[in-house]
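*Asks:* Pasting a structure here, questions to come.
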Amino acid sequence: MKQSAAPLPPIEALVIGGSAGSVEALTAILPALRPTCGIAVVVVMHLPRERPSLLVNIFAPKCQLRVVEAQDKEPVEPGTIYFAPPDYHVLIDEGPQLALDAGELVNFSRPSIDALFESAADAYAERLMGIVLSGANSDGAAGLKAIQAAGGLTLVQHPESAVARTMPEAALFAVPTAASLAPGQICALLSRVLTGRVPVSGPEGWAPA
């Protein structure tokens with residue numbers, strides 16, 4: 001008698017990275033997350049390092065989850081969206097808790113998507129989902145590969161739906177099996193994954209029913 005596959009572990013954290021053109025995608029994705037999803041969300045956006053970020057002000061009124069700027073040594077809480085502050089890498093430490101780091105630029109960026117994704121893969125392994133959005137450099141590709149290697153789920157904004165294709169194309173080159181979806185499809189998939197995890201794989205990824 002054939003045994004059924006073991007259930008996949010629930011997703012506990014979602015990490016998202018983007019640069020040029022990704023605010024539009026986030027505007028579709030983040031407000032669609034419901035308080036019942038039970039996950040923490042950490043977002044790295046490439047921002048001018050010398051100016052305050054307005055992302056919390058932009059997204060807090062739109063989102064059902066609590067929206068804050070990440071603070072050093074802050075516990076990672078479900079039901080919260082954390083935005084990386086300008087000029088600091090955001091890492092996930094044991095706890096889990098957030099850690100802000102002013103170390104060297106990674107892929108010419110601070111905060112770096114790779115730095116967040118790689119630390120989150122270490123912390124959450126198969127209980128993590130990573131999404132790479134529109135952007136004009138390759139930051140996030142190595143981090144998404146680390147999430148895949150740890151057993152997490154990997155998604156990429158479809159390059160044709162992105163304002164800047166370089167970042168999603170680099171991510172797909174690093175992780176060819178990542179699901180490649182437009183922002184609206186990402187919202188639909190998140191709804192399914194967070195209520196009962198479904199497999200996500202293939203160059204074209206998951207297609208809506």
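To be explicit about the labels: the chains of the structure tokens are called A, B, and onward in the order shown, and within each one the residues are counted from 1, while ligands get numbers from 1 in the order they are shown.
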Give the helix (DSSP H, G or I) residues of segment 61-149 of chain A, as assigned by DSSP on the backbone, as number ranges by chain.

*Replies:* A: 113-127, 141-149

*Asks:* With N, CA and C atoms retained, could you export that selection as a PDB file, in the first residue's frame?

*Replies:*
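Final file, out_13.pdb:
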```pdb
ATOM      1  N   ILE A 113      19.161  42.400   0.201  1.00  0.00           N
ATOM      2  CA  ILE A 113      18.198  41.293   0.172  1.00  0.00           C
ATOM      3  C   ILE A 113      18.902  39.978   0.489  1.00  0.00           C
ATOM      4  N   ASP A 114      20.077  39.753  -0.113  1.00  0.00           N
ATOM      5  CA  ASP A 114      20.809  38.510   0.149  1.00  0.00           C
ATOM      6  C   ASP A 114      21.094  38.330   1.638  1.00  0.00           C
ATOM      7  N   ALA A 115      21.517  39.405   2.310  1.00  0.00           N
ATOM      8  CA  ALA A 115      21.843  39.296   3.732  1.00  0.00           C
ATOM      9  C   ALA A 115      20.629  38.859   4.541  1.00  0.00           C
ATOM     10  N   LEU A 116      19.462  39.449   4.259  1.00  0.00           N
ATOM     11  CA  LEU A 116      18.241  39.045   4.963  1.00  0.00           C
ATOM     12  C   LEU A 116      17.885  37.604   4.640  1.00  0.00           C
ATOM     13  N   PHE A 117      17.834  37.265   3.349  1.00  0.00           N
ATOM     14  CA  PHE A 117      17.372  35.939   2.942  1.00  0.00           C
ATOM     15  C   PHE A 117      18.267  34.837   3.509  1.00  0.00           C
ATOM     16  N   GLU A 118      19.575  35.032   3.465  1.00  0.00           N
ATOM     17  CA  GLU A 118      20.486  33.987   3.937  1.00  0.00           C
ATOM     18  C   GLU A 118      20.352  33.779   5.442  1.00  0.00           C
ATOM     19  N   SER A 119      20.204  34.849   6.205  1.00  0.00           N
ATOM     20  CA  SER A 119      20.036  34.692   7.651  1.00  0.00           C
ATOM     21  C   SER A 119      18.678  34.083   7.975  1.00  0.00           C
ATOM     22  N   ALA A 120      17.653  34.454   7.221  1.00  0.00           N
ATOM     23  CA  ALA A 120      16.322  33.882   7.455  1.00  0.00           C
ATOM     24  C   ALA A 120      16.291  32.398   7.115  1.00  0.00           C
ATOM     25  N   ALA A 121      17.022  31.992   6.063  1.00  0.00           N
ATOM     26  CA  ALA A 121      17.099  30.570   5.716  1.00  0.00           C
ATOM     27  C   ALA A 121      17.722  29.777   6.858  1.00  0.00           C
ATOM     28  N   ASP A 122      18.744  30.336   7.483  1.00  0.00           N
ATOM     29  CA  ASP A 122      19.366  29.669   8.634  1.00  0.00           C
ATOM     30  C   ASP A 122      18.384  29.553   9.800  1.00  0.00           C
ATOM     31  N   ALA A 123      17.580  30.595   9.999  1.00  0.00           N
ATOM     32  CA  ALA A 123      16.688  30.626  11.158  1.00  0.00           C
ATOM     33  C   ALA A 123      15.440  29.771  10.975  1.00  0.00           C
ATOM     34  N   TYR A 124      14.883  29.754   9.760  1.00  0.00           N
ATOM     35  CA  TYR A 124      13.570  29.137   9.552  1.00  0.00           C
ATOM     36  C   TYR A 124      13.594  27.879   8.680  1.00  0.00           C
ATOM     37  N   ALA A 125      14.617  27.706   7.868  1.00  0.00           N
ATOM     38  CA  ALA A 125      14.736  26.528   6.990  1.00  0.00           C
ATOM     39  C   ALA A 125      13.466  26.324   6.167  1.00  0.00           C
ATOM     40  N   GLU A 126      12.840  25.139   6.280  1.00  0.00           N
ATOM     41  CA  GLU A 126      11.691  24.818   5.442  1.00  0.00           C
ATOM     42  C   GLU A 126      10.426  25.558   5.851  1.00  0.00           C
ATOM     43  N   ARG A 127      10.482  26.312   6.926  1.00  0.00           N
ATOM     44  CA  ARG A 127       9.301  27.085   7.381  1.00  0.00           C
ATOM     45  C   ARG A 127       9.319  28.516   6.852  1.00  0.00           C
ATOM     46  N   ALA A 141      19.320  37.041  -5.568  1.00  0.00           N
ATOM     47  CA  ALA A 141      19.473  35.759  -6.253  1.00  0.00           C
ATOM     48  C   ALA A 141      20.163  34.733  -5.363  1.00  0.00           C
ATOM     49  N   ALA A 142      21.295  35.099  -4.765  1.00  0.00           N
ATOM     50  CA  ALA A 142      22.004  34.163  -3.888  1.00  0.00           C
ATOM     51  C   ALA A 142      21.175  33.841  -2.649  1.00  0.00           C
ATOM     52  N   GLY A 143      20.466  34.836  -2.134  1.00  0.00           N
ATOM     53  CA  GLY A 143      19.637  34.603  -0.961  1.00  0.00           C
ATOM     54  C   GLY A 143      18.483  33.660  -1.245  1.00  0.00           C
ATOM     55  N   LEU A 144      17.861  33.803  -2.429  1.00  0.00           N
ATOM     56  CA  LEU A 144      16.765  32.901  -2.781  1.00  0.00           C
ATOM     57  C   LEU A 144      17.282  31.478  -2.936  1.00  0.00           C
ATOM     58  N   LYS A 145      18.491  31.341  -3.473  1.00  0.00           N
ATOM     59  CA  LYS A 145      19.087  30.005  -3.596  1.00  0.00           C
ATOM     60  C   LYS A 145      19.337  29.397  -2.219  1.00  0.00           C
ATOM     61  N   ALA A 146      19.725  30.223  -1.246  1.00  0.00           N
ATOM     62  CA  ALA A 146      19.915  29.717   0.120  1.00  0.00           C
ATOM     63  C   ALA A 146      18.598  29.245   0.716  1.00  0.00           C
ATOM     64  N   ILE A 147      17.509  29.962   0.433  1.00  0.00           N
ATOM     65  CA  ILE A 147      16.189  29.540   0.924  1.00  0.00           C
ATOM     66  C   ILE A 147      15.805  28.206   0.301  1.00  0.00           C
ATOM     67  N   GLN A 148      16.030  28.066  -0.998  1.00  0.00           N
ATOM     68  CA  GLN A 148      15.738  26.794  -1.661  1.00  0.00           C
ATOM     69  C   GLN A 148      16.540  25.659  -1.033  1.00  0.00           C
ATOM     70  N   ALA A 149      17.838  25.895  -0.811  1.00  0.00           N
ATOM     71  CA  ALA A 149      18.693  24.850  -0.247  1.00  0.00           C
ATOM     72  C   ALA A 149      18.255  24.453   1.151  1.00  0.00           C
TER      73      ALA A 149
END
```

*Asks:* Name all residues at most 10 Å from Gly184 of chain A (count only C-alpha atoms; drop same-chain ones fewer than 2 positions away) and give them as a PyMOL selection string.

*Replies:* chain A and resi 25+28-29+32+157+181-182+186-189+208

*Asks:* What is the distance between atom CA of Asp87 of chain A and atom CA of Gly17 of chain A, in Å to one decimal?

*Replies:*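 Interatomic distance here is 15.0 Å.
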
*Asks:* Please, which residues of segment 28-180 of chain A, numbered as in this document, come out strand (DSSP E or B) from DSSP, as a VMD selection string?

*Replies:* chain A and resid 40 to 45 66 to 69 75 80 to 83 89 to 93 97 to 101 106 109 128 to 132 153 to 157 179 to 180

*Asks:* For the residues in the current selection, export C-alpha atoms as a PDB file, in the first residue's frame.

*Replies:*
```pdb
ATOM      1  CA  ALA A  40       5.958  37.406  10.255  1.00  0.00           C
ATOM      2  CA  VAL A  41       6.960  39.378   7.167  1.00  0.00           C
ATOM      3  CA  VAL A  42      10.335  41.095   6.725  1.00  0.00           C
ATOM      4  CA  VAL A  43      10.828  43.363   3.716  1.00  0.00           C
ATOM      5  CA  VAL A  44      14.053  44.779   2.285  1.00  0.00           C
ATOM      6  CA  MET A  45      13.713  47.549  -0.268  1.00  0.00           C
ATOM      7  CA  ARG A  66       0.833  45.700  11.945  1.00  0.00           C
ATOM      8  CA  VAL A  67       3.496  47.593   9.950  1.00  0.00           C
ATOM      9  CA  VAL A  68       6.692  48.836  11.634  1.00  0.00           C
ATOM     10  CA  GLU A  69      10.308  49.694  10.874  1.00  0.00           C
ATOM     11  CA  PRO A  75      11.592  39.765  18.676  1.00  0.00           C
ATOM     12  CA  THR A  80       3.712  41.953  11.765  1.00  0.00           C
ATOM     13  CA  ILE A  81       5.361  43.430   8.658  1.00  0.00           C
ATOM     14  CA  TYR A  82       8.894  44.711   9.314  1.00  0.00           C
ATOM     15  CA  PHE A  83      10.555  47.107   6.854  1.00  0.00           C
ATOM     16  CA  HIS A  89      21.180  45.262   6.866  1.00  0.00           C
ATOM     17  CA  VAL A  90      18.352  43.412   8.606  1.00  0.00           C
ATOM     18  CA  LEU A  91      19.227  39.893   9.754  1.00  0.00           C
ATOM     19  CA  ILE A  92      17.306  37.168  11.588  1.00  0.00           C
ATOM     20  CA  ASP A  93      19.099  35.963  14.708  1.00  0.00           C
ATOM     21  CA  GLN A  97      14.871  38.234  16.678  1.00  0.00           C
ATOM     22  CA  LEU A  98      15.895  40.998  14.316  1.00  0.00           C
ATOM     23  CA  ALA A  99      19.429  42.331  14.154  1.00  0.00           C
ATOM     24  CA  LEU A 100      20.475  45.553  12.435  1.00  0.00           C
ATOM     25  CA  ASP A 101      23.956  45.560  10.935  1.00  0.00           C
ATOM     26  CA  VAL A 106      26.365  43.641  -0.258  1.00  0.00           C
ATOM     27  CA  SER A 109      23.297  47.725  -1.197  1.00  0.00           C
ATOM     28  CA  LEU A 128      10.306  30.085   5.246  1.00  0.00           C
ATOM     29  CA  MET A 129       9.040  31.601   2.015  1.00  0.00           C
ATOM     30  CA  GLY A 130      11.093  34.099  -0.010  1.00  0.00           C
ATOM     31  CA  ILE A 131       9.904  36.409  -2.786  1.00  0.00           C
ATOM     32  CA  VAL A 132      12.095  38.456  -5.147  1.00  0.00           C
ATOM     33  CA  LEU A 153       9.462  28.018  -0.766  1.00  0.00           C
ATOM     34  CA  THR A 154      10.767  30.356  -3.470  1.00  0.00           C
ATOM     35  CA  LEU A 155       8.769  32.822  -5.568  1.00  0.00           C
ATOM     36  CA  VAL A 156       9.824  35.442  -8.102  1.00  0.00           C
ATOM     37  CA  GLN A 157       7.826  38.213  -9.712  1.00  0.00           C
ATOM     38  CA  ALA A 179       7.503  29.906  -9.065  1.00  0.00           C
ATOM     39  CA  SER A 180       7.401  32.902 -11.420  1.00  0.00           C
TER      40      SER A 180
END
```

*Asks:* Return the single residue from A:Leu190, A:Val76, A:Ala162, A:Val175 that is closest to Gly140 of chain A, with distances computed using only C-alpha atoms.

*Replies:*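 Among the listed residues, A:Val175 lies closest to Gly140 of chain A.
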
*Asks:* From the set A:Gln64, A:Asn107, A:Ser53, A:Ser112, which residue has the shortest atom-to-atom contact distance to Pro85 of chain A, counting only C-alpha atoms?

*Replies:*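 Once distances to Pro85 of chain A are computed over only C-alpha atoms, the minimum belongs to A:Ser53.
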
*Asks:* Please report the interatomic distance between atom CA of Pro35 of chain A and atom CA of Pro86 of chain A in Å with one decimal.

*Replies:*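 Between atom CA of Pro35 of chain A and atom CA of Pro86 of chain A the gap works out to 26.6 Å.
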
*Asks:* Can you work out the spacing between atom CA of Cys63 of chain A and atom CA of Asn137 of chain A in Å, to one decimal?

*Replies:*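 Here the two named atoms are 27.7 Å from each other.
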
*Asks:* Excluding Met167 of chain A and any residue of its chain fewer than 3 positions from it, enumerate the residues within 7 Å of it, using only C-alpha atoms, and give them as a list in words.

*Replies:*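 Residues near the query, excluding close chain neighbours: Ser134, Gly135, Ala136, Asn137, Ser138, Asp139, Ala170 and Ala171 of chain A.
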
*Asks:* With a distance cut-off of 8 Å and only C-alpha atoms, select the neighbouring residues of Gly38 of chain A, excluding the residue or stretch itself and same-chain residues fewer than 4 positions from it, and output the selection as an mmCIF file with N, CA and C atoms, in the first residue's frame.

*Replies:*
```cif
data_model
loop_
_atom_site.group_PDB
_atom_site.id
_atom_site.type_symbol
_atom_site.label_atom_id
_atom_site.label_comp_id
_atom_site.auth_asym_id
_atom_site.auth_seq_id
_atom_site.Cartn_x
_atom_site.Cartn_y
_atom_site.Cartn_z
ATOM 1 N N GLU A 12 6.235 29.979 8.637
ATOM 2 C CA GLU A 12 6.232 30.861 9.793
ATOM 3 C C GLU A 12 6.712 32.269 9.466
ATOM 4 N N PRO A 78 4.632 37.101 14.851
ATOM 5 C CA PRO A 78 3.685 36.854 13.757
ATOM 6 C C PRO A 78 2.668 37.986 13.671
ATOM 7 N N GLY A 79 2.107 38.160 12.488
ATOM 8 C CA GLY A 79 1.124 39.213 12.304
ATOM 9 C C GLY A 79 1.725 40.594 12.159
#
```
